[in-house]
$ cat coords_31.cif   # mmCIF, C-alpha atoms
data_work
loop_
_atom_site.label_atom_id
_atom_site.label_comp_id
_atom_site.auth_asym_id
_atom_site.auth_seq_id
_atom_site.Cartn_x
_atom_site.Cartn_y
_atom_site.Cartn_z
CA MET A 1 -6.64 -56.14 -37.46
CA GLN A 2 -9.37 -54.32 -35.52
CA PRO A 3 -7.78 -52.19 -32.77
CA VAL A 4 -9.76 -52.09 -29.51
CA THR A 5 -8.58 -49.49 -27.02
CA VAL A 6 -8.72 -50.21 -23.30
CA ALA A 7 -8.25 -47.14 -21.09
CA VAL A 8 -6.47 -47.54 -17.77
CA VAL A 9 -7.87 -44.68 -15.68
CA SER A 10 -6.15 -43.64 -12.46
CA LEU A 11 -5.62 -40.59 -10.26
CA ALA A 12 -2.35 -38.74 -10.88
CA GLY A 13 -1.97 -37.67 -7.25
CA ASP A 14 -3.28 -40.89 -5.73
CA PRO A 15 -1.77 -41.05 -2.20
CA ARG A 16 -1.40 -44.82 -2.54
CA TYR A 17 1.37 -44.18 -5.07
CA ALA A 18 3.14 -41.37 -3.25
CA PRO A 19 6.88 -42.20 -3.11
CA LYS A 20 6.95 -42.31 0.70
CA GLN A 21 3.97 -44.68 0.74
CA LEU A 22 5.55 -47.02 -1.79
CA GLU A 23 8.83 -47.00 0.12
CA ARG A 24 7.10 -48.28 3.24
CA ALA A 25 5.79 -51.31 1.30
CA TYR A 26 2.98 -52.07 3.73
CA PRO A 27 1.56 -55.60 3.30
CA GLU A 28 -1.11 -55.83 0.58
CA HIS A 29 -0.70 -52.18 -0.41
CA PRO A 30 0.10 -51.33 -4.05
CA ALA A 31 3.75 -51.44 -5.05
CA GLY A 32 3.33 -49.60 -8.35
CA ARG A 33 0.83 -48.56 -11.01
CA VAL A 34 -1.43 -51.29 -12.40
CA LEU A 35 -0.65 -50.24 -15.99
CA ASP A 36 2.38 -52.54 -15.85
CA ALA A 37 0.24 -55.64 -15.35
CA ALA A 38 -2.25 -54.55 -18.02
CA ARG A 39 0.61 -54.35 -20.52
CA MET A 40 1.64 -57.90 -19.66
CA ALA A 41 -1.92 -59.13 -20.18
CA VAL A 42 -2.12 -57.46 -23.60
CA ASP A 43 0.94 -59.49 -24.61
CA ASP A 44 -0.54 -62.66 -23.09
CA THR A 45 -3.81 -62.37 -25.03
CA ALA A 46 -2.43 -61.09 -28.33
CA LEU A 47 -2.09 -64.45 -30.07
CA ALA A 48 -5.61 -65.66 -29.25
CA LEU A 49 -7.16 -62.35 -30.30
CA GLN A 50 -5.16 -62.34 -33.51
CA GLU A 51 -7.23 -65.33 -34.64
CA VAL A 52 -10.41 -63.22 -34.50
CA GLY A 53 -8.77 -60.13 -35.97
CA VAL A 54 -8.58 -58.03 -32.80
CA ALA A 55 -5.64 -56.21 -31.23
CA LEU A 56 -5.93 -54.63 -27.79
CA VAL A 57 -4.33 -51.22 -27.32
CA LEU A 58 -3.82 -49.57 -23.93
CA ARG A 59 -4.39 -45.89 -23.22
CA ASP A 60 -3.03 -44.44 -19.97
CA VAL A 61 -5.37 -41.81 -18.50
CA GLN A 62 -4.30 -40.11 -15.27
CA LEU A 63 -6.84 -37.68 -13.84
CA ALA A 64 -5.53 -34.59 -12.08
CA ASP A 65 -8.64 -34.58 -9.85
CA ALA A 66 -12.38 -35.32 -9.93
CA GLN A 67 -13.05 -32.17 -11.96
CA ALA A 68 -10.93 -33.58 -14.80
CA LEU A 69 -13.26 -36.56 -15.31
CA PRO A 70 -15.73 -34.98 -17.82
CA LYS A 71 -12.94 -33.82 -20.13
CA ALA A 72 -11.21 -37.21 -19.94
CA LEU A 73 -14.45 -39.00 -20.83
CA ALA A 74 -15.02 -36.66 -23.77
CA GLU A 75 -11.56 -37.55 -25.08
CA LEU A 76 -12.27 -41.25 -24.64
CA LYS A 77 -15.52 -40.81 -26.56
CA SER A 78 -13.61 -39.23 -29.45
CA ALA A 79 -11.28 -42.24 -29.41
CA ARG A 80 -14.30 -44.62 -29.33
CA VAL A 81 -13.20 -46.20 -26.08
CA GLN A 82 -15.76 -48.28 -24.17
CA HIS A 83 -13.55 -50.54 -22.03
CA ILE A 84 -12.11 -48.92 -18.89
CA ILE A 85 -9.82 -50.44 -16.28
CA ALA A 86 -10.36 -48.29 -13.19
CA ASP A 87 -7.72 -47.88 -10.50
CA LEU A 88 -9.47 -45.17 -8.50
CA PRO A 89 -10.55 -44.27 -4.95
CA PRO A 90 -14.18 -45.31 -4.27
CA GLU A 91 -15.83 -41.88 -4.66
CA LEU A 92 -14.09 -41.13 -7.95
CA LEU A 93 -14.80 -44.66 -9.16
CA ARG A 94 -18.47 -44.11 -8.38
CA ALA A 95 -18.47 -40.85 -10.35
CA LEU A 96 -16.77 -42.58 -13.28
CA VAL A 97 -19.27 -45.40 -13.50
CA GLN A 98 -22.19 -42.98 -13.21
CA GLN A 99 -20.99 -40.83 -16.11
CA ALA A 100 -19.13 -43.18 -18.45
CA PRO A 101 -22.04 -45.28 -19.82
CA THR A 102 -23.92 -42.16 -20.96
CA VAL A 103 -20.94 -40.23 -22.33
CA LEU A 104 -19.38 -43.22 -24.11
CA ASN A 105 -22.67 -44.67 -25.42
CA GLY A 106 -22.11 -47.69 -23.23
CA ALA A 107 -19.13 -48.71 -21.15
CA MET A 108 -17.56 -51.61 -19.31
CA VAL A 109 -15.76 -50.42 -16.17
CA LEU A 110 -13.50 -52.97 -14.50
CA ASN A 111 -12.58 -52.15 -10.89
CA VAL A 112 -9.10 -53.43 -10.09
CA SER A 113 -8.25 -51.89 -6.71
CA SER A 114 -11.27 -50.85 -4.62
CA ASP A 115 -12.62 -53.30 -2.04
CA SER A 116 -15.67 -51.10 -1.29
CA ASP A 117 -18.70 -53.21 -0.34
CA ALA A 118 -21.00 -50.26 -1.07
CA LEU A 119 -19.96 -50.28 -4.74
CA ARG A 120 -21.14 -53.88 -4.90
CA ASN A 121 -24.42 -53.22 -3.09
CA GLU A 122 -26.41 -50.00 -2.75
CA ALA A 123 -24.03 -48.02 -5.01
CA CYS A 124 -23.57 -50.74 -7.63
CA SER A 125 -23.80 -50.31 -11.39
CA GLY A 126 -24.79 -52.62 -14.20
CA SER A 127 -21.79 -51.34 -16.16
CA MET A 128 -19.18 -52.23 -13.54
CA LEU A 129 -17.32 -55.48 -13.05
CA HIS A 130 -15.19 -56.03 -9.96
CA ILE A 131 -11.97 -57.98 -10.40
CA TYR A 132 -10.52 -57.01 -7.03
CA PRO A 133 -12.17 -58.88 -4.13
CA SER A 134 -14.63 -57.05 -1.93
CA ARG A 135 -13.79 -56.24 1.67
CA GLN A 136 -16.42 -58.77 2.75
CA MET A 137 -14.80 -61.51 0.66
CA LEU A 138 -11.47 -60.89 2.37
CA THR A 139 -12.84 -60.94 5.93
CA ASP A 140 -15.02 -63.98 5.13
CA SER A 141 -11.89 -65.81 3.99
CA LEU A 142 -10.10 -65.05 7.25
CA ALA A 143 -13.16 -66.00 9.31
CA GLN A 144 -13.42 -69.35 7.52
CA TYR A 145 -9.78 -70.04 8.29
CA LEU A 146 -10.13 -69.10 11.96
CA ALA A 147 -13.24 -71.25 12.31
CA ALA A 148 -11.47 -74.21 10.70
CA ARG A 149 -8.60 -73.83 13.19
CA ASN A 150 -11.05 -73.34 16.06
CA TRP A 151 -9.51 -69.94 16.85
CA ARG A 152 -12.87 -68.42 17.66
CA LYS A 153 -12.19 -65.75 20.29
CA VAL A 154 -11.10 -62.53 18.62
CA LEU A 155 -9.73 -59.28 20.03
CA LEU A 156 -10.45 -56.58 17.45
CA LEU A 157 -8.19 -53.51 17.21
CA GLN A 158 -9.67 -50.72 15.11
CA GLY A 159 -8.06 -47.52 13.86
CA PRO A 160 -9.68 -44.09 13.54
CA LEU A 161 -9.81 -43.83 9.73
CA PRO A 162 -13.03 -44.43 7.73
CA GLY A 163 -11.35 -47.38 6.02
CA ASP A 164 -10.54 -48.92 9.40
CA GLN A 165 -14.18 -48.65 10.44
CA LEU A 166 -15.37 -50.30 7.21
CA GLN A 167 -12.91 -53.15 7.67
CA ALA A 168 -14.09 -53.66 11.24
CA ALA A 169 -17.73 -53.69 10.16
CA ALA A 170 -16.98 -56.36 7.55
CA MET A 171 -15.07 -58.43 10.13
CA ASN A 172 -18.03 -58.30 12.50
CA VAL A 173 -20.33 -59.60 9.74
CA SER A 174 -17.88 -62.40 8.95
CA ALA A 175 -17.58 -63.31 12.62
CA ARG A 176 -21.35 -63.76 12.89
CA ARG A 177 -21.43 -65.86 9.72
CA TYR A 178 -18.78 -68.30 10.85
CA GLY A 179 -19.33 -68.50 14.59
CA LEU A 180 -16.48 -66.33 15.83
CA LYS A 181 -16.80 -64.22 18.96
CA ILE A 182 -15.49 -60.65 19.02
CA LEU A 183 -14.59 -60.40 22.71
CA GLN A 184 -13.67 -56.70 22.61
CA THR A 185 -13.17 -53.91 20.12
CA LYS A 186 -10.40 -51.52 21.13
CA PRO A 187 -9.37 -48.32 19.33
CA PHE A 188 -5.79 -47.59 18.43
CA LYS A 189 -4.23 -44.32 17.33
CA LEU A 190 -0.78 -43.40 16.12
CA SER A 191 0.16 -40.13 17.75
CA GLY A 192 3.13 -38.28 19.21
CA ASP A 193 0.93 -36.81 21.93
CA PRO A 194 1.76 -38.37 25.34
CA ARG A 195 -1.94 -38.21 26.22
CA ASP A 196 -2.65 -40.74 23.46
CA ARG A 197 0.10 -43.13 24.52
CA ASP A 198 -2.28 -45.82 25.79
CA LEU A 199 -4.07 -45.87 22.43
CA PHE A 200 -1.03 -47.23 20.60
CA ASN A 201 0.70 -49.22 23.35
CA THR A 202 0.48 -52.72 21.91
CA ARG A 203 0.95 -54.50 25.23
CA LEU A 204 -1.76 -52.51 26.96
CA LEU A 205 -4.16 -53.03 24.05
CA THR A 206 -3.68 -56.81 24.19
CA ASN A 207 -3.29 -57.39 27.94
CA GLU A 208 -6.41 -59.57 28.45
CA ARG A 209 -5.66 -63.26 28.04
CA ASP A 210 -8.96 -64.72 26.81
CA HIS A 211 -8.55 -64.12 23.07
CA ASP A 212 -7.18 -66.66 20.60
CA VAL A 213 -6.19 -64.15 17.93
CA VAL A 214 -5.74 -60.40 17.49
CA ALA A 215 -7.48 -58.89 14.45
CA VAL A 216 -6.12 -55.49 13.43
CA MET A 217 -8.10 -53.24 11.08
CA ASP A 218 -5.66 -50.65 9.75
CA SER A 219 -6.25 -49.35 6.22
CA HIS A 220 -3.17 -47.12 6.41
CA GLY A 221 -0.84 -49.94 7.47
CA GLU A 222 1.56 -48.25 9.90
CA PHE A 223 0.14 -49.56 13.19
CA ALA A 224 -0.48 -53.07 11.82
CA ARG A 225 3.15 -53.32 10.81
CA ILE A 226 4.41 -53.04 14.41
CA LEU A 227 1.86 -55.39 15.99
CA PRO A 228 3.12 -58.97 15.31
CA TYR A 229 5.32 -60.20 18.18
CA ALA A 230 4.52 -57.02 20.13
CA THR A 231 1.35 -58.30 21.85
CA GLN A 232 1.23 -58.95 25.59
CA TRP A 233 0.52 -62.65 25.10
CA PRO A 234 1.72 -65.04 22.36
CA ARG A 235 -1.23 -64.70 19.97
CA PRO A 236 -1.45 -64.72 16.16
CA VAL A 237 -2.11 -61.36 14.47
CA MET A 238 -4.41 -61.20 11.45
CA GLY A 239 -6.23 -58.70 9.25
CA SER A 240 -4.03 -55.85 8.03
CA ASN A 241 -0.83 -57.73 8.88
CA GLY A 242 0.24 -61.18 9.98
CA LEU A 243 -2.33 -63.62 8.59
CA MET A 244 -3.93 -61.86 5.62
CA ALA A 245 -6.45 -62.58 2.86
CA MET A 246 -5.14 -61.71 -0.62
CA ALA A 247 -6.16 -61.88 -4.25
CA TRP A 248 -2.55 -62.71 -5.18
CA HIS A 249 0.77 -63.51 -3.56
CA PRO A 250 4.17 -63.70 -5.30
CA GLN A 251 4.80 -67.02 -3.54
CA TRP A 252 1.66 -68.74 -4.89
CA GLU A 253 3.10 -71.98 -6.24
CA ARG A 254 0.22 -73.75 -7.99
CA HIS A 255 -1.73 -73.53 -11.26
CA GLY A 256 0.99 -71.67 -13.14
CA GLY A 257 1.35 -69.00 -10.47
CA PRO A 258 5.17 -69.06 -10.37
CA GLN A 259 5.38 -68.42 -14.11
CA ILE A 260 3.09 -65.38 -13.85
CA SER A 261 4.97 -63.92 -10.89
CA ARG A 262 8.38 -64.51 -12.46
CA ARG A 263 7.43 -62.90 -15.76
CA PHE A 264 6.02 -59.88 -13.96
CA GLN A 265 9.11 -59.59 -11.76
CA LYS A 266 11.34 -59.82 -14.82
CA GLN A 267 9.42 -57.25 -16.83
CA VAL A 268 8.48 -54.74 -14.12
CA LYS A 269 11.30 -55.27 -11.57
CA ARG A 270 8.96 -55.68 -8.60
CA PRO A 271 6.71 -58.42 -7.17
CA MET A 272 3.17 -58.77 -8.47
CA GLN A 273 0.64 -57.55 -5.88
CA SER A 274 -3.11 -58.18 -5.70
CA GLN A 275 -3.94 -54.96 -7.57
CA ASP A 276 -1.54 -55.96 -10.36
CA TRP A 277 -3.14 -59.39 -10.61
CA ALA A 278 -6.58 -57.77 -10.82
CA SER A 279 -5.43 -55.49 -13.67
CA TRP A 280 -3.93 -58.47 -15.50
CA VAL A 281 -7.20 -60.39 -15.16
CA ALA A 282 -9.26 -57.35 -16.21
CA VAL A 283 -7.53 -57.27 -19.60
CA LYS A 284 -8.08 -61.00 -19.91
CA ALA A 285 -11.80 -60.49 -19.24
CA VAL A 286 -11.98 -57.92 -22.04
CA ALA A 287 -10.10 -60.34 -24.29
CA ALA A 288 -12.56 -63.13 -23.42
CA ALA A 289 -15.50 -60.94 -24.43
CA MET A 290 -13.84 -59.78 -27.65
CA GLY A 291 -12.71 -63.28 -28.50
CA GLU A 292 -16.24 -64.66 -28.14
CA ASN A 293 -17.77 -62.11 -30.53
CA PRO A 294 -15.61 -59.21 -31.76
CA LYS A 295 -18.64 -57.40 -33.16
CA ALA A 296 -20.85 -57.67 -30.06
CA ALA A 297 -22.11 -54.44 -28.54
CA ILE A 298 -20.69 -53.48 -25.16
CA SER A 299 -24.06 -54.21 -23.54
CA GLN A 300 -23.98 -57.73 -24.93
CA GLN A 301 -20.43 -58.26 -23.66
CA LEU A 302 -21.51 -57.19 -20.16
CA LYS A 303 -24.50 -59.53 -20.23
CA GLN A 304 -22.39 -62.49 -21.30
CA LEU A 305 -19.78 -61.87 -18.62
CA ARG A 306 -22.31 -61.31 -15.82
CA ALA A 307 -24.39 -64.27 -16.91
CA GLY A 308 -21.41 -66.56 -16.34
CA GLU A 309 -21.23 -67.48 -20.02
CA LEU A 310 -17.60 -66.39 -20.32
CA PHE A 311 -14.72 -67.46 -18.10
CA VAL A 312 -11.29 -66.12 -17.21
CA ASP A 313 -8.19 -68.04 -16.16
CA GLY A 314 -6.68 -66.28 -13.15
CA ASN A 315 -4.08 -68.98 -12.45
CA LYS A 316 -5.69 -69.78 -9.11
CA GLY A 317 -7.28 -73.12 -10.04
CA PRO A 318 -10.89 -73.05 -11.27
CA ARG A 319 -12.15 -71.03 -14.19
CA LEU A 320 -13.39 -67.68 -12.88
CA SER A 321 -16.79 -66.19 -13.63
CA PHE A 322 -18.70 -63.07 -12.60
CA ARG A 323 -21.72 -62.91 -10.32
CA SER A 324 -24.87 -61.76 -12.05
CA TRP A 325 -26.18 -59.75 -9.09
CA ASP A 326 -23.22 -57.44 -8.39
CA GLY A 327 -20.62 -58.00 -11.10
CA GLN A 328 -18.04 -59.42 -8.66
CA LEU A 329 -15.52 -61.93 -9.98
CA ARG A 330 -15.79 -65.22 -8.12
CA GLN A 331 -12.33 -66.34 -7.10
CA PRO A 332 -10.41 -68.33 -4.51
CA ILE A 333 -8.74 -66.08 -1.92
CA LEU A 334 -5.17 -66.79 -0.80
CA ILE A 335 -4.58 -66.80 2.95
CA GLY A 336 -1.02 -66.22 3.98
CA HIS A 337 1.66 -63.90 5.32
CA GLY A 338 4.62 -62.03 3.91
CA ASP A 339 6.62 -65.15 3.11
CA GLY A 340 4.05 -67.67 1.91
CA ILE A 341 0.57 -69.15 1.63
CA VAL A 342 -1.03 -71.21 4.40
CA GLY A 343 -4.52 -71.75 3.04
CA LEU A 344 -7.05 -71.13 0.29
CA ALA A 345 -10.63 -69.97 0.77
CA PRO A 346 -13.28 -71.24 0.48
CA LEU A 347 -12.00 -73.69 3.07
CA GLU A 348 -12.68 -77.41 2.67
CA GLY A 349 -15.98 -78.31 4.30
CA VAL A 350 -17.64 -74.92 3.72
CA LEU A 351 -20.88 -75.52 1.80
CA HIS A 352 -23.20 -73.50 -0.44
CA PRO A 353 -26.42 -74.58 -2.23
CA THR A 354 -25.12 -73.75 -5.73
CA GLU A 355 -21.55 -72.35 -5.80
CA VAL A 356 -19.08 -72.68 -2.93
CA MET A 357 -17.16 -69.54 -3.98
CA ASP A 358 -20.31 -67.57 -3.24
CA THR A 359 -19.65 -68.20 0.46
CA LEU A 360 -17.17 -65.33 0.12
CA GLY A 361 -18.73 -61.88 0.06
CA THR A 362 -22.32 -60.85 -0.55
CA ASP A 363 -24.52 -63.71 -1.73
CA GLU A 364 -27.45 -63.12 -4.08
CA LYS A 365 -30.11 -63.22 -1.34
CA GLU A 366 -28.16 -60.66 0.70
CA SER A 367 -27.38 -58.31 -2.19
CA LYS A 368 -28.70 -54.75 -2.19
CA CYS A 369 -27.68 -54.22 -5.80
CA GLN A 370 -30.65 -53.43 -8.03
CA MET A 371 -28.71 -52.64 -11.20
CA ARG A 372 -28.25 -55.25 -13.91
CA PRO A 373 -26.82 -54.74 -17.42
#

$ encode --input "coords_31.cif" --output "structure tokens"
Amino acid sequence: MQPVTVAVVSLAGDPRYAPKQLERAYPEHPAGRVLDAARMAVDDTALALQEVGVALVLRDVQLADAQALPKALAELKSARVQHIIADLPPELLRALVQQAPTVLNGAMVLNVSSDSDALRNEACSGSMLHIYPSRQMLTDSLAQYLAARNWRKVLLLQGPLPGDQLQAAAMNVSARRYGLKILQTKPFKLSGDPRDRDLFNTRLLTNERDHDVVAVMDSHGEFARILPYATQWPRPVMGSNGLMAMAWHPQWERHGGPQISRRFQKQVKRPMQSQDWASWVAVKAVAAAMGENPKAAISQQLKQLRAGELFVDGNKGPRLSFRSWDGQLRQPILIGHGDGIVGLAPLEGVLHPTEVMDTLGTDEKESKCQMRP
């Protein structure tokens, strides 16, 4: 058997995995390291790869900080590793994908947790594939759902963090695409200072009556958690809580979803989250490339995946393929809340000249990505 090592690269001190953050269990935030899901995928693909004489082996690489990246890549080069599952903050992910192809004599970097639109546009790379949906894909999914329900008047609440601002910018783009009207954008701030009280008073922030829905952009999660049922008027909450767009949900009940979620729950002792699903699919994408031609160079594997010649089953219905222009995995997006799913994007009736799933996120004509494998 030919062993093929897949490195799962993460940040040791990643604040997303700090114990206090995990205890809070904010909606759509990670619940644990993605290595768990990668291990499950290795087991799932072992039999098929055995037929072509390949065995996937995982290598856990946790970086102490950005300065540790060159040494880690040198060690991966010594181990002849060219497949990397990246669970990293955007800036460190960008550094990884800039350095890895040169150091490793070619590399395939699979992003499983960053929704950064920049990494799919002006800061893209021909060596990177994105399993996790982009921020624009998520807000487009919500906008399609709101348009289908004719909930078109939106009150937008935006936090002070850079991630909040990026989410709000994506929501504004989605609103223009699907005919929604952002009536107002109001800032919120969590603070113990009495002078800031009005900036986190949910009733004051939502006291106008004209809006149909309240969209909250909160990358941290704390403010969004307290917003549902705390608005001045009876209005749905969406975005970072309430109605949310997700790559995966433990209550997804179609296309073999329950079996995947139950196995993960049994093995890992926690529900499968979107980042876990993305890691699971990333290993399956590597397996698809190796299964097609075990002796193909890494550059050829990238070309086949980004050309849409190879497909992955993500247990969400259709076979999934990658976009040639930015390396993003096309996929249906689940729309739901903490207890279940209420819809699936693209919504019925949404049209596209060639591929309806390309109505989610950056389409080819809009793409600023100039890098191809």

$ closest_atom_pairs --input "coords_31.cif" --of "segment 285-354 of chain A" --to "segment 141-144 of chain A" --cutoff "10 Å" --atoms "only C-alpha atoms" --output "tab-separated table"
residue	atom	partner	partner_atom	distance
A:Pro332	CA	A:Ser141	CA	9.0
A:Ile333	CA	A:Ser141	CA	6.7
A:Leu334	CA	A:Ser141	CA	8.3
A:Ile335	CA	A:Leu142	CA	7.2
A:Gly336	CA	A:Leu142	CA	9.7
A:Gly343	CA	A:Ser141	CA	9.5
A:Leu344	CA	A:Ser141	CA	8.1
A:Ala345	CA	A:Ser141	CA	5.4
A:Pro346	CA	A:Ser141	CA	6.6
A:Leu347	CA	A:Gln144	CA	6.4
A:Glu348	CA	A:Gln144	CA	9.4
A:Gly349	CA	A:Gln144	CA	9.9
A:Val350	CA	A:Gln144	CA	8.0

$ resolve_selection --input "coords_31.cif" --expression "the PyMOL selection byres ((chain A and resi 315-319) around 10)" --output "number ranges by chain"
A: 247-248, 252-260, 277, 281, 310-314, 320-321, 330-334, 344

$ write_last_selection --input "coords_31.cif" --atoms "C-alpha atoms" --output "CSV table (one decimal), in the frame of the given file"
chain,number,residue,atom,x,y,z
A,247,ALA,CA,-6.2,-61.9,-4.2
A,248,TRP,CA,-2.6,-62.7,-5.2
A,252,TRP,CA,1.7,-68.7,-4.9
A,253,GLU,CA,3.1,-72.0,-6.2
A,254,ARG,CA,0.2,-73.8,-8.0
A,255,HIS,CA,-1.7,-73.5,-11.3
A,256,GLY,CA,1.0,-71.7,-13.1
A,257,GLY,CA,1.4,-69.0,-10.5
A,258,PRO,CA,5.2,-69.1,-10.4
A,259,GLN,CA,5.4,-68.4,-14.1
A,260,ILE,CA,3.1,-65.4,-13.8
A,277,TRP,CA,-3.1,-59.4,-10.6
A,281,VAL,CA,-7.2,-60.4,-15.2
A,310,LEU,CA,-17.6,-66.4,-20.3
A,311,PHE,CA,-14.7,-67.5,-18.1
A,312,VAL,CA,-11.3,-66.1,-17.2
A,313,ASP,CA,-8.2,-68.0,-16.2
A,314,GLY,CA,-6.7,-66.3,-13.2
A,320,LEU,CA,-13.4,-67.7,-12.9
A,321,SER,CA,-16.8,-66.2,-13.6
A,330,ARG,CA,-15.8,-65.2,-8.1
A,331,GLN,CA,-12.3,-66.3,-7.1
A,332,PRO,CA,-10.4,-68.3,-4.5
A,333,ILE,CA,-8.7,-66.1,-1.9
A,334,LEU,CA,-5.2,-66.8,-0.8
A,344,LEU,CA,-7.0,-71.1,0.3

$ closest_atom_pairs --input "coords_31.cif" --of "segment 187-244 of chain A" --to "segment 155-171 of chain A" --cutoff "8 Å" --atoms "only C-alpha atoms" --output "JSON lines"
{"residue": "A:Pro187", "atom": "CA", "partner": "A:Gln158", "partner_atom": "CA", "distance": 4.9}
{"residue": "A:Phe188", "atom": "CA", "partner": "A:Gly159", "partner_atom": "CA", "distance": 5.1}
{"residue": "A:Lys189", "atom": "CA", "partner": "A:Gly159", "partner_atom": "CA", "distance": 6.1}
{"residue": "A:Leu205", "atom": "CA", "partner": "A:Leu157", "partner_atom": "CA", "distance": 8.0}
{"residue": "A:Thr206", "atom": "CA", "partner": "A:Leu155", "partner_atom": "CA", "distance": 7.7}
{"residue": "A:His211", "atom": "CA", "partner": "A:Leu155", "partner_atom": "CA", "distance": 5.8}
{"residue": "A:Asp212", "atom": "CA", "partner": "A:Leu155", "partner_atom": "CA", "distance": 7.8}
{"residue": "A:Val213", "atom": "CA", "partner": "A:Leu155", "partner_atom": "CA", "distance": 6.4}
{"residue": "A:Val214", "atom": "CA", "partner": "A:Leu155", "partner_atom": "CA", "distance": 4.9}
{"residue": "A:Ala215", "atom": "CA", "partner": "A:Leu156", "partner_atom": "CA", "distance": 4.8}
{"residue": "A:Val216", "atom": "CA", "partner": "A:Leu157", "partner_atom": "CA", "distance": 4.7}
{"residue": "A:Met217", "atom": "CA", "partner": "A:Gln158", "partner_atom": "CA", "distance": 5.0}
{"residue": "A:Asp218", "atom": "CA", "partner": "A:Asp164", "partner_atom": "CA", "distance": 5.2}
{"residue": "A:Ser219", "atom": "CA", "partner": "A:Asp164", "partner_atom": "CA", "distance": 5.4}

$ closest_residue --input "coords_31.cif" --among "A:Ala123, A:Asn105, A:Leu243, A:Asn150" --to "Val342 of chain A" --atoms "only C-alpha atoms"
A:Leu243

$ resolve_selection --input "coords_31.cif" --expression "the PyMOL selection byres ((chain A and resi 40) around 12)" --output "VMD selection string"
chain A and resid 34 to 39 41 to 46 56 to 58 260 to 268 272 276 to 277 279 to 284

$ write_last_selection --input "coords_31.cif" --atoms "C-alpha atoms" --output "CSV table (one decimal), in the frame of the given file"
chain,number,residue,atom,x,y,z
A,34,VAL,CA,-1.4,-51.3,-12.4
A,35,LEU,CA,-0.6,-50.2,-16.0
A,36,ASP,CA,2.4,-52.5,-15.8
A,37,ALA,CA,0.2,-55.6,-15.4
A,38,ALA,CA,-2.2,-54.6,-18.0
A,39,ARG,CA,0.6,-54.4,-20.5
A,41,ALA,CA,-1.9,-59.1,-20.2
A,42,VAL,CA,-2.1,-57.5,-23.6
A,43,ASP,CA,0.9,-59.5,-24.6
A,44,ASP,CA,-0.5,-62.7,-23.1
A,45,THR,CA,-3.8,-62.4,-25.0
A,46,ALA,CA,-2.4,-61.1,-28.3
A,56,LEU,CA,-5.9,-54.6,-27.8
A,57,VAL,CA,-4.3,-51.2,-27.3
A,58,LEU,CA,-3.8,-49.6,-23.9
A,260,ILE,CA,3.1,-65.4,-13.8
A,261,SER,CA,5.0,-63.9,-10.9
A,262,ARG,CA,8.4,-64.5,-12.5
A,263,ARG,CA,7.4,-62.9,-15.8
A,264,PHE,CA,6.0,-59.9,-14.0
A,265,GLN,CA,9.1,-59.6,-11.8
A,266,LYS,CA,11.3,-59.8,-14.8
A,267,GLN,CA,9.4,-57.2,-16.8
A,268,VAL,CA,8.5,-54.7,-14.1
A,272,MET,CA,3.2,-58.8,-8.5
A,276,ASP,CA,-1.5,-56.0,-10.4
A,277,TRP,CA,-3.1,-59.4,-10.6
A,279,SER,CA,-5.4,-55.5,-13.7
A,280,TRP,CA,-3.9,-58.5,-15.5
A,281,VAL,CA,-7.2,-60.4,-15.2
A,282,ALA,CA,-9.3,-57.4,-16.2
A,283,VAL,CA,-7.5,-57.3,-19.6
A,284,LYS,CA,-8.1,-61.0,-19.9

$ axis_aligned_box --input "coords_31.cif" --around "segment 1-13 of chain A" --padding-each-side "8 Å" --output "JSON"
{"center_x": -5.9, "center_y": -46.9, "center_z": -22.4, "size_x": 23.8, "size_y": 34.5, "size_z": 46.2}

$ resolve_selection --input "coords_31.cif" --expression "the PyMOL selection byres ((chain A and resi 301-308) around 7)" --output "list in words"
Met108, Ala289, Ala296, Ala297, Ile298, Ser299, Gln300, Glu309, Leu310, Phe311, Ser321, Phe322, Arg323, Ser324, Gly327 and Pro373 of chain A

$ residues_around --input "coords_31.cif" --residues "Lys181 of chain A" --least-positions-apart "6" --cutoff "7 Å" --atoms "only C-alpha atoms" --output "PyMOL selection string"
chain A and resi 152-154+175

$ atom_distance --input "coords_31.cif" --atom1 "atom CA of Met128 of chain A" --atom2 "atom CA of Tyr145 of chain A"
29.7 Å

$ residues_around --input "coords_31.cif" --residues "Met1 of chain A" --least-positions-apart "3" --cutoff "10 Å" --atoms "all atoms listed in the file" --output "list in words"
Val4, Leu49, Gln50, Glu51, Val52, Gly53, Val54, Ala55 and Leu56 of chain A

$ closest_residue --input "coords_31.cif" --among "A:Leu129, A:Leu88, A:Leu11, A:Leu138" --to "Ser114 of chain A" --atoms "only C-alpha atoms"
A:Leu88

$ closest_residue --input "coords_31.cif" --among "A:Pro133, A:Val8, A:Leu351, A:Gly179" --to "Val61 of chain A" --atoms "all atoms listed in the file"
A:Val8

$ residues_around --input "coords_31.cif" --residues "Val112 of chain A" --least-positions-apart "2" --cutoff "6 Å" --atoms "all atoms listed in the file" --output "short mmCIF file (atom, residue, chain, number, x, y, z; two decimals) with C-alpha atoms, in the frame of the given file"
data_model
loop_
_atom_site.label_atom_id
_atom_site.label_comp_id
_atom_site.auth_asym_id
_atom_site.auth_seq_id
_atom_site.Cartn_x
_atom_site.Cartn_y
_atom_site.Cartn_z
CA ASP A 87 -7.72 -47.88 -10.50
CA ILE A 131 -11.97 -57.98 -10.40
CA TYR A 132 -10.52 -57.01 -7.03
CA GLN A 275 -3.94 -54.96 -7.57
CA ALA A 278 -6.58 -57.77 -10.82
CA SER A 279 -5.43 -55.49 -13.67
#
